[in-house]
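Undergrad: My structure file final20.pdb, PDB, C-alpha atoms, is below:
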```pdb
ATOM      1  CA  LEU A   1      33.515  44.677 -13.081  1.00  0.00           C
ATOM      2  CA  GLU A   2      34.829  46.048  -9.874  1.00  0.00           C
ATOM      3  CA  ARG A   3      38.515  45.839  -9.208  1.00  0.00           C
ATOM      4  CA  SER A   4      38.521  46.756  -5.564  1.00  0.00           C
ATOM      5  CA  LEU A   5      39.202  44.132  -2.930  1.00  0.00           C
ATOM      6  CA  GLN A   6      36.045  44.993  -1.001  1.00  0.00           C
ATOM      7  CA  ALA A   7      33.828  44.407  -4.055  1.00  0.00           C
ATOM      8  CA  LYS A   8      35.510  41.058  -4.704  1.00  0.00           C
ATOM      9  CA  ILE A   9      34.570  40.009  -1.169  1.00  0.00           C
ATOM     10  CA  VAL A  10      31.067  41.537  -1.009  1.00  0.00           C
ATOM     11  CA  VAL A  11      29.707  40.341  -4.397  1.00  0.00           C
ATOM     12  CA  PRO A  12      30.014  36.564  -3.719  1.00  0.00           C
ATOM     13  CA  MET A  13      28.633  37.110  -0.226  1.00  0.00           C
ATOM     14  CA  ALA A  14      25.629  39.029  -1.593  1.00  0.00           C
ATOM     15  CA  VAL A  15      24.987  36.352  -4.224  1.00  0.00           C
ATOM     16  CA  SER A  16      25.151  33.554  -1.649  1.00  0.00           C
ATOM     17  CA  LEU A  17      22.841  35.474   0.710  1.00  0.00           C
ATOM     18  CA  ALA A  18      20.332  36.055  -2.094  1.00  0.00           C
ATOM     19  CA  PHE A  19      20.309  32.378  -3.104  1.00  0.00           C
ATOM     20  CA  GLY A  20      20.113  31.354   0.562  1.00  0.00           C
ATOM     21  CA  ILE A  21      17.074  33.564   1.133  1.00  0.00           C
ATOM     22  CA  LEU A  22      15.461  32.273  -2.075  1.00  0.00           C
ATOM     23  CA  PHE A  23      16.140  28.647  -1.111  1.00  0.00           C
ATOM     24  CA  ALA A  24      14.846  29.157   2.455  1.00  0.00           C
ATOM     25  CA  THR A  25      11.708  30.846   1.118  1.00  0.00           C
ATOM     26  CA  VAL A  26      10.938  27.929  -1.182  1.00  0.00           C
ATOM     27  CA  ILE A  27      11.505  25.449   1.633  1.00  0.00           C
ATOM     28  CA  THR A  28       9.363  27.452   4.064  1.00  0.00           C
ATOM     29  CA  LEU A  29       6.487  28.195   1.684  1.00  0.00           C
ATOM     30  CA  VAL A  30       6.347  24.991  -0.363  1.00  0.00           C
ATOM     31  CA  LEU A  31       8.226  22.050   1.097  1.00  0.00           C
ATOM     32  CA  ILE A  32       7.234  22.272   4.766  1.00  0.00           C
ATOM     33  CA  PRO A  33       3.464  22.643   4.111  1.00  0.00           C
ATOM     34  CA  ALA A  34       3.649  19.788   1.606  1.00  0.00           C
ATOM     35  CA  LEU A  35       5.369  17.613   4.198  1.00  0.00           C
ATOM     36  CA  TYR A  36       2.647  18.454   6.734  1.00  0.00           C
ATOM     37  CA  VAL A  37      -0.038  17.372   4.252  1.00  0.00           C
ATOM     38  CA  ILE A  38       1.855  14.137   3.553  1.00  0.00           C
ATOM     39  CA  LEU A  39       2.193  13.512   7.290  1.00  0.00           C
ATOM     40  CA  GLU A  40      -1.558  13.956   7.813  1.00  0.00           C
ATOM     41  CA  ASP A  41      -2.288  11.535   4.958  1.00  0.00           C
ATOM     42  CA  VAL A  42       0.124   8.994   6.444  1.00  0.00           C
ATOM     43  CA  LYS A  43      -1.535   9.364   9.867  1.00  0.00           C
ATOM     44  CA  LYS A  44      -4.875   8.437   8.266  1.00  0.00           C
ATOM     45  CA  THR A  45      -3.664   5.774   5.845  1.00  0.00           C
ATOM     46  CA  VAL A  46      -1.337   3.688   8.009  1.00  0.00           C
ATOM     47  CA  PRO A  47      -3.958   2.712  10.626  1.00  0.00           C
ATOM     48  CA  GLN A  48      -6.440   1.950   7.828  1.00  0.00           C
ATOM     49  CA  ALA A  49      -3.842  -0.228   6.107  1.00  0.00           C
ATOM     50  CA  PHE A  50      -3.117  -2.203   9.268  1.00  0.00           C
ATOM     51  CA  ASN A  51      -6.867  -2.573   9.880  1.00  0.00           C
ATOM     52  CA  SER A  52      -7.253  -3.951   6.346  1.00  0.00           C
ATOM     53  CA  PHE A  53      -4.369  -6.329   6.993  1.00  0.00           C
ATOM     54  CA  GLY A  54      -5.984  -7.510  10.225  1.00  0.00           C
ATOM     55  CA  ARG A  55      -9.365  -7.983   8.530  1.00  0.00           C
ATOM     56  CA  ALA A  56      -7.740 -10.018   5.756  1.00  0.00           C
ATOM     57  CA  ILE A  57      -5.973 -12.227   8.283  1.00  0.00           C
ATOM     58  CA  ARG A  58      -9.149 -12.737  10.334  1.00  0.00           C
ATOM     59  CA  SER A  59     -11.210 -13.583   7.250  1.00  0.00           C
ATOM     60  CA  TYR A  60      -8.675 -15.995   5.792  1.00  0.00           C
ATOM     61  CA  ALA A  61     -11.343 -18.676   5.252  1.00  0.00           C
ATOM     62  CA  LEU A  62     -13.933 -16.438   3.576  1.00  0.00           C
ATOM     63  CA  PHE A  63     -13.613 -16.743  -0.166  1.00  0.00           C
ATOM     64  CA  ASP A  64     -17.068 -15.598  -1.270  1.00  0.00           C
ATOM     65  CA  GLN A  65     -17.394 -12.052   0.117  1.00  0.00           C
ATOM     66  CA  PRO A  66     -16.299  -9.045  -1.937  1.00  0.00           C
ATOM     67  CA  ASP A  67     -13.214  -7.047  -0.988  1.00  0.00           C
ATOM     68  CA  SER A  68     -12.782  -3.482  -2.186  1.00  0.00           C
ATOM     69  CA  ARG A  69      -9.787  -2.480  -4.230  1.00  0.00           C
ATOM     70  CA  ARG A  70      -8.579  -0.219  -1.412  1.00  0.00           C
ATOM     71  CA  GLU A  71      -8.790  -2.986   1.215  1.00  0.00           C
ATOM     72  CA  PHE A  72      -6.951  -5.439  -1.009  1.00  0.00           C
ATOM     73  CA  TRP A  73      -4.120  -3.098  -1.860  1.00  0.00           C
ATOM     74  CA  GLN A  74      -3.726  -1.874   1.720  1.00  0.00           C
ATOM     75  CA  PHE A  75      -3.455  -5.522   2.781  1.00  0.00           C
ATOM     76  CA  PHE A  76      -0.984  -6.225  -0.016  1.00  0.00           C
ATOM     77  CA  TRP A  77       1.349  -3.297   0.798  1.00  0.00           C
ATOM     78  CA  VAL A  78       1.380  -4.054   4.519  1.00  0.00           C
ATOM     79  CA  HIS A  79       2.171  -7.666   3.601  1.00  0.00           C
ATOM     80  CA  ILE A  80       5.091  -6.530   1.414  1.00  0.00           C
ATOM     81  CA  ALA A  81       6.374  -4.165   4.138  1.00  0.00           C
ATOM     82  CA  LEU A  82       6.255  -6.958   6.731  1.00  0.00           C
ATOM     83  CA  LEU A  83       7.999  -9.302   4.327  1.00  0.00           C
ATOM     84  CA  LEU A  84      10.809  -6.783   3.778  1.00  0.00           C
ATOM     85  CA  VAL A  85      11.239  -6.300   7.536  1.00  0.00           C
ATOM     86  CA  LEU A  86      11.332 -10.065   8.015  1.00  0.00           C
ATOM     87  CA  LEU A  87      13.914 -10.417   5.248  1.00  0.00           C
ATOM     88  CA  ILE A  88      16.133  -7.902   7.043  1.00  0.00           C
ATOM     89  CA  VAL A  89      15.651  -9.722  10.354  1.00  0.00           C
ATOM     90  CA  ASP A  90      16.297 -12.994   8.539  1.00  0.00           C
ATOM     91  CA  GLY A  91      19.602 -11.674   7.215  1.00  0.00           C
ATOM     92  CA  ILE A  92      20.666 -10.490  10.668  1.00  0.00           C
ATOM     93  CA  VAL A  93      19.732 -13.797  12.306  1.00  0.00           C
ATOM     94  CA  ALA A  94      21.452 -15.782   9.550  1.00  0.00           C
ATOM     95  CA  ARG A  95      24.615 -13.753  10.008  1.00  0.00           C
ATOM     96  CA  THR A  96      24.712 -14.734  13.681  1.00  0.00           C
ATOM     97  CA  GLY A  97      24.413 -18.399  12.708  1.00  0.00           C
ATOM     98  CA  LEU A  98      21.259 -19.140  14.710  1.00  0.00           C
ATOM     99  CA  LEU A  99      19.120 -20.051  11.684  1.00  0.00           C
ATOM    100  CA  PRO A 100      19.848 -20.647   8.022  1.00  0.00           C
ATOM    101  CA  MET A 101      19.099 -17.793   5.626  1.00  0.00           C
ATOM    102  CA  GLY A 102      15.441 -17.547   4.584  1.00  0.00           C
ATOM    103  CA  VAL A 103      13.781 -19.578   7.344  1.00  0.00           C
ATOM    104  CA  ILE A 104      11.879 -16.667   8.906  1.00  0.00           C
ATOM    105  CA  ALA A 105      10.703 -15.151   5.606  1.00  0.00           C
ATOM    106  CA  LEU A 106       9.695 -18.510   4.157  1.00  0.00           C
ATOM    107  CA  SER A 107       7.774 -19.374   7.330  1.00  0.00           C
ATOM    108  CA  TYR A 108       5.901 -16.075   7.047  1.00  0.00           C
ATOM    109  CA  LEU A 109       5.160 -16.654   3.349  1.00  0.00           C
ATOM    110  CA  PHE A 110       3.946 -20.181   4.073  1.00  0.00           C
ATOM    111  CA  ALA A 111       1.654 -18.870   6.834  1.00  0.00           C
ATOM    112  CA  MET A 112       0.319 -16.137   4.520  1.00  0.00           C
ATOM    113  CA  THR A 113      -0.465 -18.432   1.576  1.00  0.00           C
ATOM    114  CA  LEU A 114      -4.114 -18.974   2.541  1.00  0.00           C
ATOM    115  CA  PRO A 115      -4.853 -15.334   3.547  1.00  0.00           C
ATOM    116  CA  ILE A 116      -3.324 -14.037   0.293  1.00  0.00           C
ATOM    117  CA  THR A 117      -5.289 -16.544  -1.784  1.00  0.00           C
ATOM    118  CA  ALA A 118      -8.487 -15.673   0.097  1.00  0.00           C
ATOM    119  CA  ALA A 119      -7.888 -11.936  -0.413  1.00  0.00           C
ATOM    120  CA  ILE A 120      -7.379 -12.477  -4.148  1.00  0.00           C
ATOM    121  CA  CYS A 121     -10.556 -14.599  -4.326  1.00  0.00           C
ATOM    122  CA  ARG A 122     -12.544 -11.934  -2.463  1.00  0.00           C
ATOM    123  CA  ARG A 123     -11.224  -9.336  -4.879  1.00  0.00           C
ATOM    124  CA  LEU A 124     -12.295 -11.537  -7.815  1.00  0.00           C
ATOM    125  CA  VAL A 125     -15.772 -11.841  -6.264  1.00  0.00           C
ATOM    126  CA  ASP A 126     -15.946  -8.044  -6.139  1.00  0.00           C
ATOM    127  CA  LEU A 127     -15.004  -7.934  -9.816  1.00  0.00           C
ATOM    128  CA  GLU A 128     -17.734 -10.524 -10.518  1.00  0.00           C
ATOM    129  CA  TRP A 129     -15.162 -12.863 -12.032  1.00  0.00           C
ATOM    130  CA  SER A 130     -14.804 -16.542 -11.264  1.00  0.00           C
ATOM    131  CA  ARG A 131     -12.650 -17.469  -8.299  1.00  0.00           C
ATOM    132  CA  TRP A 132     -11.103 -20.125 -10.506  1.00  0.00           C
ATOM    133  CA  TRP A 133      -8.874 -17.347 -11.824  1.00  0.00           C
ATOM    134  CA  ALA A 134      -6.961 -17.736  -8.551  1.00  0.00           C
ATOM    135  CA  LEU A 135      -5.513 -20.939  -9.985  1.00  0.00           C
ATOM    136  CA  LEU A 136      -3.195 -18.665 -11.958  1.00  0.00           C
ATOM    137  CA  LEU A 137      -1.150 -18.578  -8.745  1.00  0.00           C
ATOM    138  CA  ILE A 138       0.126 -22.025  -9.748  1.00  0.00           C
ATOM    139  CA  ILE A 139       2.120 -20.429 -12.586  1.00  0.00           C
ATOM    140  CA  PRO A 140       5.339 -19.128 -11.007  1.00  0.00           C
ATOM    141  CA  LEU A 141       5.594 -15.328 -10.953  1.00  0.00           C
ATOM    142  CA  LEU A 142       3.624 -14.744 -14.169  1.00  0.00           C
ATOM    143  CA  GLY A 143       0.354 -15.948 -12.656  1.00  0.00           C
ATOM    144  CA  PHE A 144       0.812 -13.739  -9.595  1.00  0.00           C
ATOM    145  CA  VAL A 145       1.581 -10.693 -11.762  1.00  0.00           C
ATOM    146  CA  VAL A 146      -1.490 -11.345 -13.955  1.00  0.00           C
ATOM    147  CA  LEU A 147      -3.693 -11.643 -10.860  1.00  0.00           C
ATOM    148  CA  LEU A 148      -2.291  -8.421  -9.407  1.00  0.00           C
ATOM    149  CA  ILE A 149      -3.105  -6.643 -12.665  1.00  0.00           C
ATOM    150  CA  MET A 150      -6.609  -8.097 -12.548  1.00  0.00           C
ATOM    151  CA  THR A 151      -7.113  -6.712  -9.033  1.00  0.00           C
ATOM    152  CA  LEU A 152      -6.495  -3.187 -10.328  1.00  0.00           C
ATOM    153  CA  PHE A 153      -9.867  -3.068 -12.086  1.00  0.00           C
ATOM    154  CA  PRO A 154     -12.699  -1.292 -10.247  1.00  0.00           C
ATOM    155  CA  GLY A 155     -15.097  -3.632  -8.487  1.00  0.00           C
ATOM    156  CA  LYS A 156     -18.875  -3.774  -8.477  1.00  0.00           C
ATOM    157  CA  HIS A 157     -20.075  -4.647  -4.971  1.00  0.00           C
ATOM    158  CA  ALA A 158     -17.402  -2.995  -2.849  1.00  0.00           C
ATOM    159  CA  LEU A 159     -17.925   0.375  -4.566  1.00  0.00           C
ATOM    160  CA  GLN A 160     -21.530   0.349  -3.423  1.00  0.00           C
ATOM    161  CA  VAL A 161     -20.545  -0.636   0.112  1.00  0.00           C
ATOM    162  CA  GLU A 162     -17.822   2.048   0.253  1.00  0.00           C
ATOM    163  CA  SER A 163     -20.244   4.745  -0.907  1.00  0.00           C
ATOM    164  CA  VAL A 164     -22.691   3.679   1.798  1.00  0.00           C
ATOM    165  CA  ASN A 165     -19.980   3.589   4.461  1.00  0.00           C
ATOM    166  CA  GLU A 166     -18.748   7.054   3.479  1.00  0.00           C
ATOM    167  CA  ALA A 167     -22.279   8.405   3.772  1.00  0.00           C
ATOM    168  CA  GLY A 168     -22.606   6.684   7.139  1.00  0.00           C
ATOM    169  CA  ASP A 169     -26.191   5.644   6.539  1.00  0.00           C
ATOM    170  CA  LEU A 170     -26.759   1.916   6.093  1.00  0.00           C
ATOM    171  CA  SER A 171     -30.542   2.136   5.840  1.00  0.00           C
ATOM    172  CA  HIS A 172     -30.435   3.262   2.201  1.00  0.00           C
ATOM    173  CA  SER A 173     -27.767   0.798   1.150  1.00  0.00           C
ATOM    174  CA  PRO A 174     -28.028  -0.462  -2.422  1.00  0.00           C
ATOM    175  CA  VAL A 175     -26.602  -3.810  -1.290  1.00  0.00           C
ATOM    176  CA  THR A 176     -28.745  -4.523   1.768  1.00  0.00           C
ATOM    177  CA  ASP A 177     -31.048  -6.852  -0.131  1.00  0.00           C
ATOM    178  CA  SER A 178     -28.261  -8.668  -1.986  1.00  0.00           C
ATOM    179  CA  GLY A 179     -26.921 -10.497   1.061  1.00  0.00           C
ATOM    180  CA  PHE A 180     -23.602  -8.708   1.425  1.00  0.00           C
TER     181      PHE A 180
END
```
Go ahead and render the structure in this file as structure tokens.
TA:
Amino acid sequence: LERSLQAKIVVPMAVSLAFGILFATVITLVLIPALYVILEDVKKTVPQAFNSFGRAIRSYALFDQPDSRREFWQFFWVHIALLLVLLIVDGIVARTGLLPMGVIALSYLFAMTLPITAAICRRLVDLEWSRWWALLLIIPLLGFVVLLIMTLFPGKHALQVESVNEAGDLSHSPVTDSGF
């Protein structure tokens, strides 16, 4: 160990410079490119998710057409995000005294009851299960959780439609004759 005053000053500075360069290298070579990849994925996924949400809202009365797993879950996560935003707005509005707590969020949930039920039924059609399983929604919380677990299984019809849509050619669709 050095006993000189200069060494006592230079050694901690050299160690901190070395760790700073190492840390900056890791950030530059690993973290920033990873964040760019995540940003590109978000740029693709968010518009698709809002499109799925819009399709689910527009087809709120269609219970017999299949919905792919991706469409259902994009709809579900946008629904949850909107619900969280509305809960925050609800808390702010309730604090001002304009409305009682929960009015905005409950109104949204009431309006979304039919689209959510229709989306679950369309997902069950894709799984080739009976839409009567949607009656599990009557059971508080447990029924909803069971149905969400059921929607995780891979579907039958929507997989064929997705593979056709990815190829971009509808003329050789395996589901063109089945009425979907």
Undergrad: Determine the residue set returned by the PyMOL selection byres ((chain A and resi 70-78) around 8) for the present structure, and present it as number ranges by chain.
TA: A: 48-50, 52-53, 56, 67-69, 79-82, 119-120, 123
Undergrad: With C-alpha atoms retained, could you export that selection as a PDB file, in the frame of the given file?
TA:
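Final file, out.pdb:
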```pdb
ATOM      1  CA  GLN A  48      -6.440   1.950   7.828  1.00  0.00           C
ATOM      2  CA  ALA A  49      -3.842  -0.228   6.107  1.00  0.00           C
ATOM      3  CA  PHE A  50      -3.117  -2.203   9.268  1.00  0.00           C
ATOM      4  CA  SER A  52      -7.253  -3.951   6.346  1.00  0.00           C
ATOM      5  CA  PHE A  53      -4.369  -6.329   6.993  1.00  0.00           C
ATOM      6  CA  ALA A  56      -7.740 -10.018   5.756  1.00  0.00           C
ATOM      7  CA  ASP A  67     -13.214  -7.047  -0.988  1.00  0.00           C
ATOM      8  CA  SER A  68     -12.782  -3.482  -2.186  1.00  0.00           C
ATOM      9  CA  ARG A  69      -9.787  -2.480  -4.230  1.00  0.00           C
ATOM     10  CA  HIS A  79       2.171  -7.666   3.601  1.00  0.00           C
ATOM     11  CA  ILE A  80       5.091  -6.530   1.414  1.00  0.00           C
ATOM     12  CA  ALA A  81       6.374  -4.165   4.138  1.00  0.00           C
ATOM     13  CA  LEU A  82       6.255  -6.958   6.731  1.00  0.00           C
ATOM     14  CA  ALA A 119      -7.888 -11.936  -0.413  1.00  0.00           C
ATOM     15  CA  ILE A 120      -7.379 -12.477  -4.148  1.00  0.00           C
ATOM     16  CA  ARG A 123     -11.224  -9.336  -4.879  1.00  0.00           C
TER      17      ARG A 123
END
```
Undergrad: Do you have the atom CA of Leu86 of chain A-atom CA of Met101 of chain A distance handy?
TA: 11.2 Å
Undergrad: Which one of A:Leu83, A:Val10, A:Leu136, A:Lys44 sits closest to Leu109 of chain A if you count all atoms listed in the file?
TA: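 Of A:Leu83, A:Val10, A:Leu136, A:Lys44, the one nearest Leu109 of chain A is A:Leu83, counting all atoms listed in the file.
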Undergrad: Restricting the calculation to all atoms listed in the file, which member of A:Ile9, A:Ala24, A:Ile57, A:Leu147 is positioned closest to Thr113 of chain A?
TA: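 That would be A:Ile57, the residue with the smallest distance to Thr113 of chain A.
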Undergrad: Edge lengths and centre, in Å to one decimal, as lines of an AutoDock Vina configuration file: that's what I need for the box along x, y and z that holds all listed atoms of segment 53-61 of chain A plus 3 Å on each side.
TA:
```
center_x = -7.9
center_y = -12.5
center_z = 7.8
size_x = 13.0
size_y = 18.3
size_z = 11.1
```
Undergrad: Just give me the gap between atom CA of Pro33 of chain A and atom CA of Met13 of chain A in Å, one decimal is fine.
TA: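 Calculated distance between atom CA of Pro33 of chain A and atom CA of Met13 of chain A is 29.4 Å.
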Undergrad: Interatomic distance between atom CA of Leu87 of chain A and atom CA of Leu114 of chain A?
TA: 20.1 Å
Undergrad: Taking all atoms listed in the file into account, name the residue in A:Ala118, A:Leu142, A:Val42, A:Met150 that is nearest to Phe63 of chain A.
TA: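 Residue with the minimum atom-to-atom distance to Phe63 of chain A: A:Ala118.
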